[in-house]
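Trainee: Dropping in final-v3.cif, with mmCIF, C-alpha atoms.
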data_protein
loop_
_atom_site.group_PDB
_atom_site.id
_atom_site.type_symbol
_atom_site.label_atom_id
_atom_site.label_comp_id
_atom_site.auth_asym_id
_atom_site.auth_seq_id
_atom_site.Cartn_x
_atom_site.Cartn_y
_atom_site.Cartn_z
ATOM 1 C CA MET L 1 -16.191 40.208 22.257
ATOM 2 C CA GLN L 2 -12.919 38.320 22.565
ATOM 3 C CA LEU L 3 -9.698 40.253 22.067
ATOM 4 C CA ARG L 4 -8.906 38.229 18.945
ATOM 5 C CA SER L 5 -12.257 39.054 17.380
ATOM 6 C CA ARG L 6 -11.979 42.736 18.314
ATOM 7 C CA THR L 7 -8.522 42.852 16.742
ATOM 8 C CA LYS L 8 -9.882 41.244 13.562
ATOM 9 C CA VAL L 9 -12.621 43.868 13.296
ATOM 10 C CA ALA L 10 -10.168 46.695 13.994
ATOM 11 C CA GLU L 11 -7.868 45.415 11.249
ATOM 12 C CA PHE L 12 -10.794 45.157 8.836
ATOM 13 C CA LYS L 13 -11.791 48.736 9.672
ATOM 14 C CA ALA L 14 -8.235 50.040 9.176
ATOM 15 C CA THR L 15 -7.891 48.202 5.857
ATOM 16 C CA THR L 16 -11.205 49.589 4.651
ATOM 17 C CA GLN L 17 -10.215 53.126 5.618
ATOM 18 C CA ALA L 18 -6.957 52.703 3.673
ATOM 19 C CA LYS L 19 -8.996 51.601 0.650
ATOM 20 C CA ILE L 20 -11.183 54.707 1.000
ATOM 21 C CA ASP L 21 -8.057 56.857 1.037
ATOM 22 C CA GLY L 22 -6.933 55.044 -2.097
ATOM 23 C CA VAL L 23 -10.165 55.683 -3.987
ATOM 24 C CA LEU L 24 -10.053 59.356 -2.966
ATOM 25 C CA ASN L 25 -6.604 59.598 -4.540
ATOM 26 C CA GLU L 26 -7.733 57.695 -7.642
ATOM 27 C CA TYR L 27 -10.530 60.180 -8.221
ATOM 28 C CA ALA L 28 -8.252 63.156 -7.550
ATOM 29 C CA ALA L 29 -5.825 61.772 -10.168
ATOM 30 C CA GLY L 30 -8.615 61.322 -12.726
ATOM 31 C CA ARG L 31 -8.300 57.541 -12.965
ATOM 32 C CA ILE L 32 -11.970 56.844 -12.192
ATOM 33 C CA SER L 33 -15.212 58.639 -13.084
ATOM 34 C CA ARG L 34 -17.557 60.317 -10.610
ATOM 35 C CA GLU L 35 -20.113 57.518 -11.059
ATOM 36 C CA GLN L 36 -17.485 54.881 -10.382
ATOM 37 C CA PHE L 37 -16.206 56.848 -7.379
ATOM 38 C CA ASP L 38 -19.703 57.133 -5.913
ATOM 39 C CA ALA L 39 -20.316 53.378 -6.254
ATOM 40 C CA VAL L 40 -16.949 52.274 -4.847
ATOM 41 C CA TYR L 41 -17.019 54.855 -2.046
ATOM 42 C CA ALA L 42 -20.522 53.778 -1.033
ATOM 43 C CA HIS L 43 -19.331 50.152 -1.007
ATOM 44 C CA TYR L 44 -16.416 50.951 1.313
ATOM 45 C CA ALA L 45 -18.594 53.183 3.500
ATOM 46 C CA SER L 46 -21.026 50.301 4.013
ATOM 47 C CA GLN L 47 -18.082 48.117 5.071
ATOM 48 C CA LEU L 48 -17.062 50.744 7.640
ATOM 49 C CA ASP L 49 -20.629 50.746 8.935
ATOM 50 C CA LEU L 50 -20.461 46.957 9.300
ATOM 51 C CA ALA L 51 -17.214 47.263 11.245
ATOM 52 C CA GLU L 52 -18.741 49.823 13.603
ATOM 53 C CA ALA L 53 -21.800 47.631 14.106
ATOM 54 C CA ALA L 54 -19.580 44.611 14.757
ATOM 55 C CA LEU L 55 -17.761 46.521 17.496
ATOM 56 C CA GLU L 56 -20.962 47.881 19.058
ATOM 57 C CA GLU L 57 -22.717 44.499 19.028
ATOM 58 C CA SER L 58 -19.592 42.497 19.873
ATOM 59 C CA ASN L 59 -20.276 40.359 16.816
ATOM 60 C CA ALA L 60 -17.291 39.816 14.515
ATOM 61 C CA GLY L 61 -19.469 37.644 12.302
ATOM 62 C CA LEU L 62 -20.999 40.793 10.764
ATOM 63 C CA ILE L 63 -17.866 41.419 8.707
ATOM 64 C CA GLU L 64 -17.539 37.849 7.448
ATOM 65 C CA GLY L 65 -17.664 37.801 3.668
ATOM 66 C CA ALA L 66 -17.794 41.613 3.452
ATOM 67 C CA ALA L 67 -14.376 41.944 1.803
ATOM 68 C CA GLY L 68 -13.437 40.989 -1.730
ATOM 69 C CA LYS L 69 -16.470 42.341 -3.614
ATOM 70 C CA THR L 70 -14.976 45.670 -4.699
ATOM 71 C CA VAL L 71 -13.708 44.418 -8.062
ATOM 72 C CA GLY L 72 -17.269 43.608 -9.074
ATOM 73 C CA VAL L 73 -18.476 47.040 -7.979
ATOM 74 C CA ARG L 74 -15.689 48.747 -9.925
ATOM 75 C CA GLN L 75 -16.350 46.726 -13.065
ATOM 76 C CA SER L 76 -20.104 47.282 -12.972
ATOM 77 C CA TRP L 77 -19.608 51.071 -12.975
ATOM 78 C CA LEU L 78 -16.620 51.208 -15.314
ATOM 79 C CA GLY L 79 -17.102 53.443 -18.343
ATOM 80 C CA LYS L 80 -16.911 51.232 -21.457
ATOM 81 C CA ALA L 81 -16.681 52.534 -25.003
ATOM 82 C CA ARG L 82 -19.490 50.871 -26.969
ATOM 83 C CA GLY L 83 -19.446 52.719 -30.264
ATOM 84 C CA VAL L 84 -17.860 55.601 -32.154
ATOM 85 C CA LEU L 85 -19.421 57.956 -34.681
ATOM 86 C CA ILE L 86 -17.076 60.057 -36.851
ATOM 87 C CA TYR L 87 -18.199 63.333 -38.446
ATOM 88 C CA HIS L 88 -16.250 65.249 -41.123
ATOM 89 C CA ARG L 89 -16.533 68.954 -40.467
ATOM 90 C CA ARG L 90 -15.883 70.293 -43.970
ATOM 91 C CA SER L 91 -18.222 67.996 -45.883
ATOM 92 C CA ARG L 92 -20.751 67.964 -42.975
ATOM 93 C CA GLN L 93 -21.266 64.234 -43.168
ATOM 94 C CA PHE L 94 -20.853 61.239 -40.890
ATOM 95 C CA LEU L 95 -17.991 59.106 -42.174
ATOM 96 C CA GLU L 96 -18.219 55.925 -40.148
ATOM 97 C CA ALA L 97 -19.918 54.239 -37.201
ATOM 98 C CA LEU L 98 -17.788 51.714 -35.305
ATOM 99 C CA GLY L 99 -18.960 49.246 -32.691
ATOM 100 C CA SER L 100 -22.511 49.484 -31.417
ATOM 101 C CA PHE L 101 -23.641 53.106 -31.698
ATOM 102 C CA ASP L 102 -27.330 52.483 -31.069
ATOM 103 C CA VAL L 103 -28.414 56.029 -30.243
ATOM 104 C CA GLN L 104 -31.092 57.760 -32.285
ATOM 105 C CA ARG L 105 -29.491 60.827 -33.825
ATOM 106 C CA GLU L 106 -32.451 62.956 -32.799
ATOM 107 C CA ALA L 107 -31.474 62.241 -29.173
ATOM 108 C CA PHE L 108 -28.165 64.061 -29.411
ATOM 109 C CA ILE L 109 -28.216 66.139 -32.572
ATOM 110 C CA GLU L 110 -28.764 69.497 -30.836
ATOM 111 C CA GLN L 111 -25.854 68.959 -28.459
ATOM 112 C CA PHE L 112 -23.849 67.712 -31.414
ATOM 113 C CA ARG L 113 -24.541 70.886 -33.388
ATOM 114 C CA ARG L 114 -23.523 73.057 -30.432
ATOM 115 C CA THR L 115 -20.305 71.069 -30.150
ATOM 116 C CA VAL L 116 -19.513 71.480 -33.849
ATOM 117 C CA ALA L 117 -20.195 75.212 -33.658
ATOM 118 C CA SER L 118 -18.032 75.800 -30.586
ATOM 119 C CA ALA L 119 -15.191 73.360 -31.265
ATOM 120 C CA PRO L 120 -11.828 75.023 -31.923
ATOM 121 C CA GLY L 121 -9.756 73.869 -34.863
ATOM 122 C CA LYS L 122 -7.076 72.182 -32.781
ATOM 123 C CA THR L 123 -6.945 68.573 -31.573
ATOM 124 C CA GLY L 124 -6.618 67.676 -27.915
ATOM 125 C CA VAL L 125 -7.992 70.836 -26.317
ATOM 126 C CA PHE L 126 -11.724 70.279 -26.468
ATOM 127 C CA PHE L 127 -14.243 67.751 -25.268
ATOM 128 C CA ARG L 128 -17.819 67.713 -24.013
ATOM 129 C CA LYS L 129 -19.757 64.904 -22.360
ATOM 130 C CA GLU L 130 -23.427 64.377 -21.586
ATOM 131 C CA SER L 131 -25.536 61.800 -19.808
ATOM 132 C CA ILE L 132 -28.252 60.145 -21.891
ATOM 133 C CA GLU L 133 -30.805 57.391 -21.265
ATOM 134 C CA SER L 134 -30.153 54.113 -19.413
ATOM 135 C CA GLY L 135 -27.105 55.441 -17.571
ATOM 136 C CA ARG L 136 -25.129 55.843 -20.791
ATOM 137 C CA TRP L 137 -22.918 58.792 -21.761
ATOM 138 C CA LEU L 138 -21.848 60.489 -24.972
ATOM 139 C CA LEU L 139 -18.361 61.964 -25.239
ATOM 140 C CA TYR L 140 -17.677 64.525 -27.983
ATOM 141 C CA THR L 141 -14.073 65.197 -28.973
ATOM 142 C CA ALA L 142 -13.033 67.723 -31.609
ATOM 143 C CA GLY L 143 -10.147 67.719 -34.032
ATOM 144 C CA LYS L 144 -9.131 70.039 -36.846
ATOM 145 C CA HIS L 145 -11.059 68.102 -39.500
ATOM 146 C CA THR L 146 -13.407 65.803 -37.596
ATOM 147 C CA LEU L 147 -15.623 65.517 -34.570
ATOM 148 C CA VAL L 148 -15.994 62.154 -32.850
ATOM 149 C CA VAL L 149 -18.905 61.019 -30.678
ATOM 150 C CA THR L 150 -18.184 58.031 -28.427
ATOM 151 C CA LEU L 151 -20.957 56.111 -26.704
ATOM 152 C CA PHE L 152 -20.011 54.895 -23.221
ATOM 153 C CA GLY L 153 -21.807 52.505 -20.932
ATOM 154 C CA HIS L 154 -21.452 54.562 -17.707
ATOM 155 C CA GLU L 155 -19.537 57.817 -17.295
ATOM 156 C CA PRO L 156 -15.997 57.934 -18.785
ATOM 157 C CA SER L 157 -13.215 58.888 -16.389
ATOM 158 C CA PRO L 158 -10.808 61.761 -17.144
ATOM 159 C CA ALA L 159 -8.175 59.153 -18.006
ATOM 160 C CA GLN L 160 -10.531 57.508 -20.520
ATOM 161 C CA ILE L 161 -11.386 60.901 -22.010
ATOM 162 C CA ALA L 162 -7.661 61.572 -22.441
ATOM 163 C CA VAL L 163 -7.302 58.226 -24.271
ATOM 164 C CA MET L 164 -10.126 59.129 -26.669
ATOM 165 C CA GLN L 165 -8.552 62.534 -27.316
ATOM 166 C CA ARG L 166 -5.240 60.825 -28.071
ATOM 167 C CA LEU L 167 -6.909 58.338 -30.421
ATOM 168 C CA HIS L 168 -8.682 61.211 -32.140
ATOM 169 C CA GLY L 169 -5.343 62.942 -32.682
ATOM 170 C CA ASP L 170 -3.874 59.708 -34.031
ATOM 171 C CA PHE L 171 -6.850 59.323 -36.379
ATOM 172 C CA GLU L 172 -6.350 62.789 -37.861
ATOM 173 C CA THR L 173 -2.580 62.360 -38.162
ATOM 174 C CA ALA L 174 -2.851 58.978 -39.911
ATOM 175 C CA ASN L 175 -5.544 60.201 -42.295
ATOM 176 C CA GLN L 176 -4.503 63.821 -42.853
ATOM 177 C CA HIS L 177 -3.951 63.243 -46.586
ATOM 178 C CA LEU L 178 -7.500 61.834 -46.875
ATOM 179 C CA ILE L 179 -9.590 64.152 -44.692
ATOM 180 C CA ASP L 180 -8.242 67.550 -45.760
ATOM 181 C CA GLY L 181 -10.786 67.989 -48.510
ATOM 182 C CA GLU L 182 -14.433 68.103 -49.454
ATOM 183 C CA SER L 183 -14.955 64.481 -50.447
ATOM 184 C CA ILE L 184 -13.826 61.537 -48.304
ATOM 185 C CA ALA L 185 -13.153 57.914 -49.258
ATOM 186 C CA ALA L 186 -14.206 56.395 -45.939
ATOM 187 C CA ALA L 187 -13.098 52.904 -46.983
ATOM 188 C CA ALA L 188 -9.472 54.087 -47.153
ATOM 189 C CA LEU L 189 -9.390 55.558 -43.628
ATOM 190 C CA ALA L 190 -7.450 54.042 -40.731
ATOM 191 C CA PHE L 191 -9.395 53.843 -37.448
ATOM 192 C CA PRO L 192 -7.351 53.754 -34.216
ATOM 193 C CA PHE L 193 -10.693 53.786 -32.351
ATOM 194 C CA ARG L 194 -11.384 50.250 -33.560
ATOM 195 C CA VAL L 195 -8.712 48.913 -31.176
ATOM 196 C CA VAL L 196 -10.539 50.313 -28.136
ATOM 197 C CA ILE L 197 -13.932 49.004 -29.240
ATOM 198 C CA GLN L 198 -12.561 45.530 -29.953
ATOM 199 C CA ARG L 199 -10.756 45.458 -26.596
ATOM 200 C CA GLN L 200 -13.983 46.276 -24.748
ATOM 201 C CA ILE L 201 -15.856 43.552 -26.623
ATOM 202 C CA THR L 202 -13.096 41.023 -25.853
ATOM 203 C CA LYS L 203 -13.311 41.787 -22.118
ATOM 204 C CA GLU L 204 -17.008 40.916 -21.975
#
Could you rewrite the structure in this file as structure tokens?

Mentor:
Amino acid sequence: MQLRSRTKVAEFKATTQAKIDGVLNEYAAGRISREQFDAVYAHYASQLDLAEAALEESNAGLIEGAAGKTVGVRQSWLGKARGVLIYHRRSRQFLEALGSFDVQREAFIEQFRRTVASAPGKTGVFFRKESIESGRWLLYTAGKHTLVVTLFGHEPSPAQIAVMQRLHGDFETANQHLIDGESIAAAALAFPFRVVIQRQITKE
């Protein structure tokens, strides 16, 4: 292999290793989910393997076109909020379904009941998530008056969970005069969650 080609492969290998270090830090900081980490890490690891093979076989052509595909990998495994289901704890009724919440209630009702029973009466300190069919996830967040179930396509990252907890807190603050009672006028409620659902739809 010519010196120029060997240098090119070495630079590609170093760049890929730096990207691996970056994704390790992203996961440690909670900016990506475990599923997303696994996919992106595997992608970078395969690029390192190509670099090693290129050096062993003296064939720089093996790394041609290998870079630049990570954005697609990240996007394909990004947790996306598809729908939100809002439950009022005092009246024991579902208030609203936003977006596309196409999960049969029988599929999650037992976990939902356990969440309702164990949720403390304080916003922002409790959440539970579970994997369901077709690689989708349900995130349960609890507030003083309500419990929210969010359907995600792929696993939500800690940062996304924190956003949903914040939105849940905003929902209860904005509607505190409407949800602190037995009967709820759902049509009068403000839904901060709607912004997230609409943003996800717009991106697609």

Trainee: Here is a test: counting all atoms listed in the file, which residue of L:Leu98, L:Leu151, L:Tyr27, L:Tyr87 is nearest to Glu172 of chain L?

Mentor: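 Among L:Leu98, L:Leu151, L:Tyr27, L:Tyr87, it is L:Tyr87 that comes nearest to Glu172 of chain L.
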
Trainee: Could you list the residues chosen by the PyMOL selection byres ((chain L and resi 141) around 9) in this structure as a compact mmCIF listing (two decimals) with C-alpha atoms, in the frame of the given file?

Mentor:
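Below you can see selection37.txt, which holds the result:
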# COMPACT_ATOMS: atom_id res chain seq x y z
CA THR L 115 -20.30 71.07 -30.15
CA ALA L 119 -15.19 73.36 -31.26
CA THR L 123 -6.94 68.57 -31.57
CA GLY L 124 -6.62 67.68 -27.92
CA VAL L 125 -7.99 70.84 -26.32
CA PHE L 126 -11.72 70.28 -26.47
CA PHE L 127 -14.24 67.75 -25.27
CA ARG L 128 -17.82 67.71 -24.01
CA LYS L 129 -19.76 64.90 -22.36
CA LEU L 139 -18.36 61.96 -25.24
CA TYR L 140 -17.68 64.53 -27.98
CA ALA L 142 -13.03 67.72 -31.61
CA GLY L 143 -10.15 67.72 -34.03
CA THR L 146 -13.41 65.80 -37.60
CA LEU L 147 -15.62 65.52 -34.57
CA VAL L 148 -15.99 62.15 -32.85
CA VAL L 149 -18.90 61.02 -30.68
CA THR L 150 -18.18 58.03 -28.43
CA ILE L 161 -11.39 60.90 -22.01
CA MET L 164 -10.13 59.13 -26.67
CA GLN L 165 -8.55 62.53 -27.32
CA HIS L 168 -8.68 61.21 -32.14

Trainee: Around segment 26-30 of chain L, with edges along x, y and z and 6 Å added on all six sides, what centre and edge lengths do you get, in Å to one decimal, as JSON?

Mentor:
{"center_x": -8.2, "center_y": 60.4, "center_z": -10.1, "size_x": 16.7, "size_y": 17.5, "size_z": 17.2}

Trainee: Starting from the shown file, work through the PyMOL selection byres ((chain L and resi 13-23) around 10) and note down what comes out as a ChimeraX atom specification.

Mentor: /L:7-12,24-29,31-32,36-38,40-52,63,67,70

Trainee: L:Ala188, L:Ala53, L:Ile109, L:Leu138: which is nearest Gly83 of chain L, counting all atoms listed in the file?

Mentor: L:Leu138

Trainee: Run the PyMOL selection byres ((chain L and resi 107) around 12) against the file shown and list the residues it catches, as a PDB file with C-alpha atoms, in the frame of the given file.

Mentor:
ATOM      1  CA  ASP L 102     -27.330  52.483 -31.069  1.00  0.00           C
ATOM      2  CA  VAL L 103     -28.414  56.029 -30.243  1.00  0.00           C
ATOM      3  CA  GLN L 104     -31.092  57.760 -32.285  1.00  0.00           C
ATOM      4  CA  ARG L 105     -29.491  60.827 -33.825  1.00  0.00           C
ATOM      5  CA  GLU L 106     -32.451  62.956 -32.799  1.00  0.00           C
ATOM      6  CA  PHE L 108     -28.165  64.061 -29.411  1.00  0.00           C
ATOM      7  CA  ILE L 109     -28.216  66.139 -32.572  1.00  0.00           C
ATOM      8  CA  GLU L 110     -28.764  69.497 -30.836  1.00  0.00           C
ATOM      9  CA  GLN L 111     -25.854  68.959 -28.459  1.00  0.00           C
ATOM     10  CA  PHE L 112     -23.849  67.712 -31.414  1.00  0.00           C
ATOM     11  CA  ARG L 113     -24.541  70.886 -33.388  1.00  0.00           C
ATOM     12  CA  GLU L 130     -23.427  64.377 -21.586  1.00  0.00           C
ATOM     13  CA  SER L 131     -25.536  61.800 -19.808  1.00  0.00           C
ATOM     14  CA  ILE L 132     -28.252  60.145 -21.891  1.00  0.00           C
ATOM     15  CA  GLU L 133     -30.805  57.391 -21.265  1.00  0.00           C
ATOM     16  CA  TRP L 137     -22.918  58.792 -21.761  1.00  0.00           C
ATOM     17  CA  LEU L 138     -21.848  60.489 -24.972  1.00  0.00           C
TER      18      LEU L 138
END

Trainee: Could you tell me which of L:Pro158, L:Val116, L:Asp170, L:Gln93 comes closest to Ser183 of chain L if we count all atoms listed in the file?

Mentor: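 Closest candidate: L:Gln93.
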
Trainee: L:Ala39, L:His145, L:Ala162, L:Val195: which is nearest Ile86 of chain L, counting all atoms listed in the file?

Mentor: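 Once distances to Ile86 of chain L are computed over all atoms listed in the file, the minimum belongs to L:His145.
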
Trainee: Atom CA of Ser100 of chain L to atom CA of Ala117 of chain L: how many Å, to one decimal?

Mentor: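 Going from atom CA of Ser100 of chain L over to atom CA of Ala117 of chain L, I get 25.9 Å.
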
Trainee: Find the residues near Gly79 of chain L: any atom within 8 Å, counting only C-alpha atoms, skip ones fewer than 6 places away on the same chain, and give them as a PyMOL selection string.

Mentor: chain L and resi 33+152-157

Trainee: Could those residues be written to a file, using C-alpha atoms, as a short mmCIF file (atom, residue, chain, number, x, y, z; two decimals), in the coordinates of the input?

Mentor:
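Below is the file out18.cif, written as the result:
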data_model
loop_
_atom_site.label_atom_id
_atom_site.label_comp_id
_atom_site.auth_asym_id
_atom_site.auth_seq_id
_atom_site.Cartn_x
_atom_site.Cartn_y
_atom_site.Cartn_z
CA SER L 33 -15.21 58.64 -13.08
CA PHE L 152 -20.01 54.90 -23.22
CA GLY L 153 -21.81 52.50 -20.93
CA HIS L 154 -21.45 54.56 -17.71
CA GLU L 155 -19.54 57.82 -17.30
CA PRO L 156 -16.00 57.93 -18.78
CA SER L 157 -13.22 58.89 -16.39
#

Trainee: Could you tell me how far atom CA of Arg82 of chain L sits from atom CA of Ile184 of chain L, in Å to one decimal place?

Mentor: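 Between atom CA of Ile184 of chain L and atom CA of Arg82 of chain L the gap is 24.5 Å.
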
Trainee: Could you tell me how far atom CA of Gln198 of chain L sits from atom CA of Gly99 of chain L, in Å to one decimal place?

Mentor: 7.9 Å

Trainee: Can you pull out the residues contacting segment 173-178 of chain L? Cut-off 7 Å, using only C-alpha atoms, and skip same-chain residues under 4 positions away; I want them as a list of chain:residue names.

Mentor: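 After dropping sequence-adjacent residues, the list is L:Gly169, L:Ile184, L:Leu189, L:Ala190.
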
Trainee: Choose the residue, out of L:Val84, L:Glu35, L:Lys144, L:Leu55, that has the smallest atom-to-atom separation from Gly181 of chain L; count all atoms listed in the file.

Mentor: L:Lys144
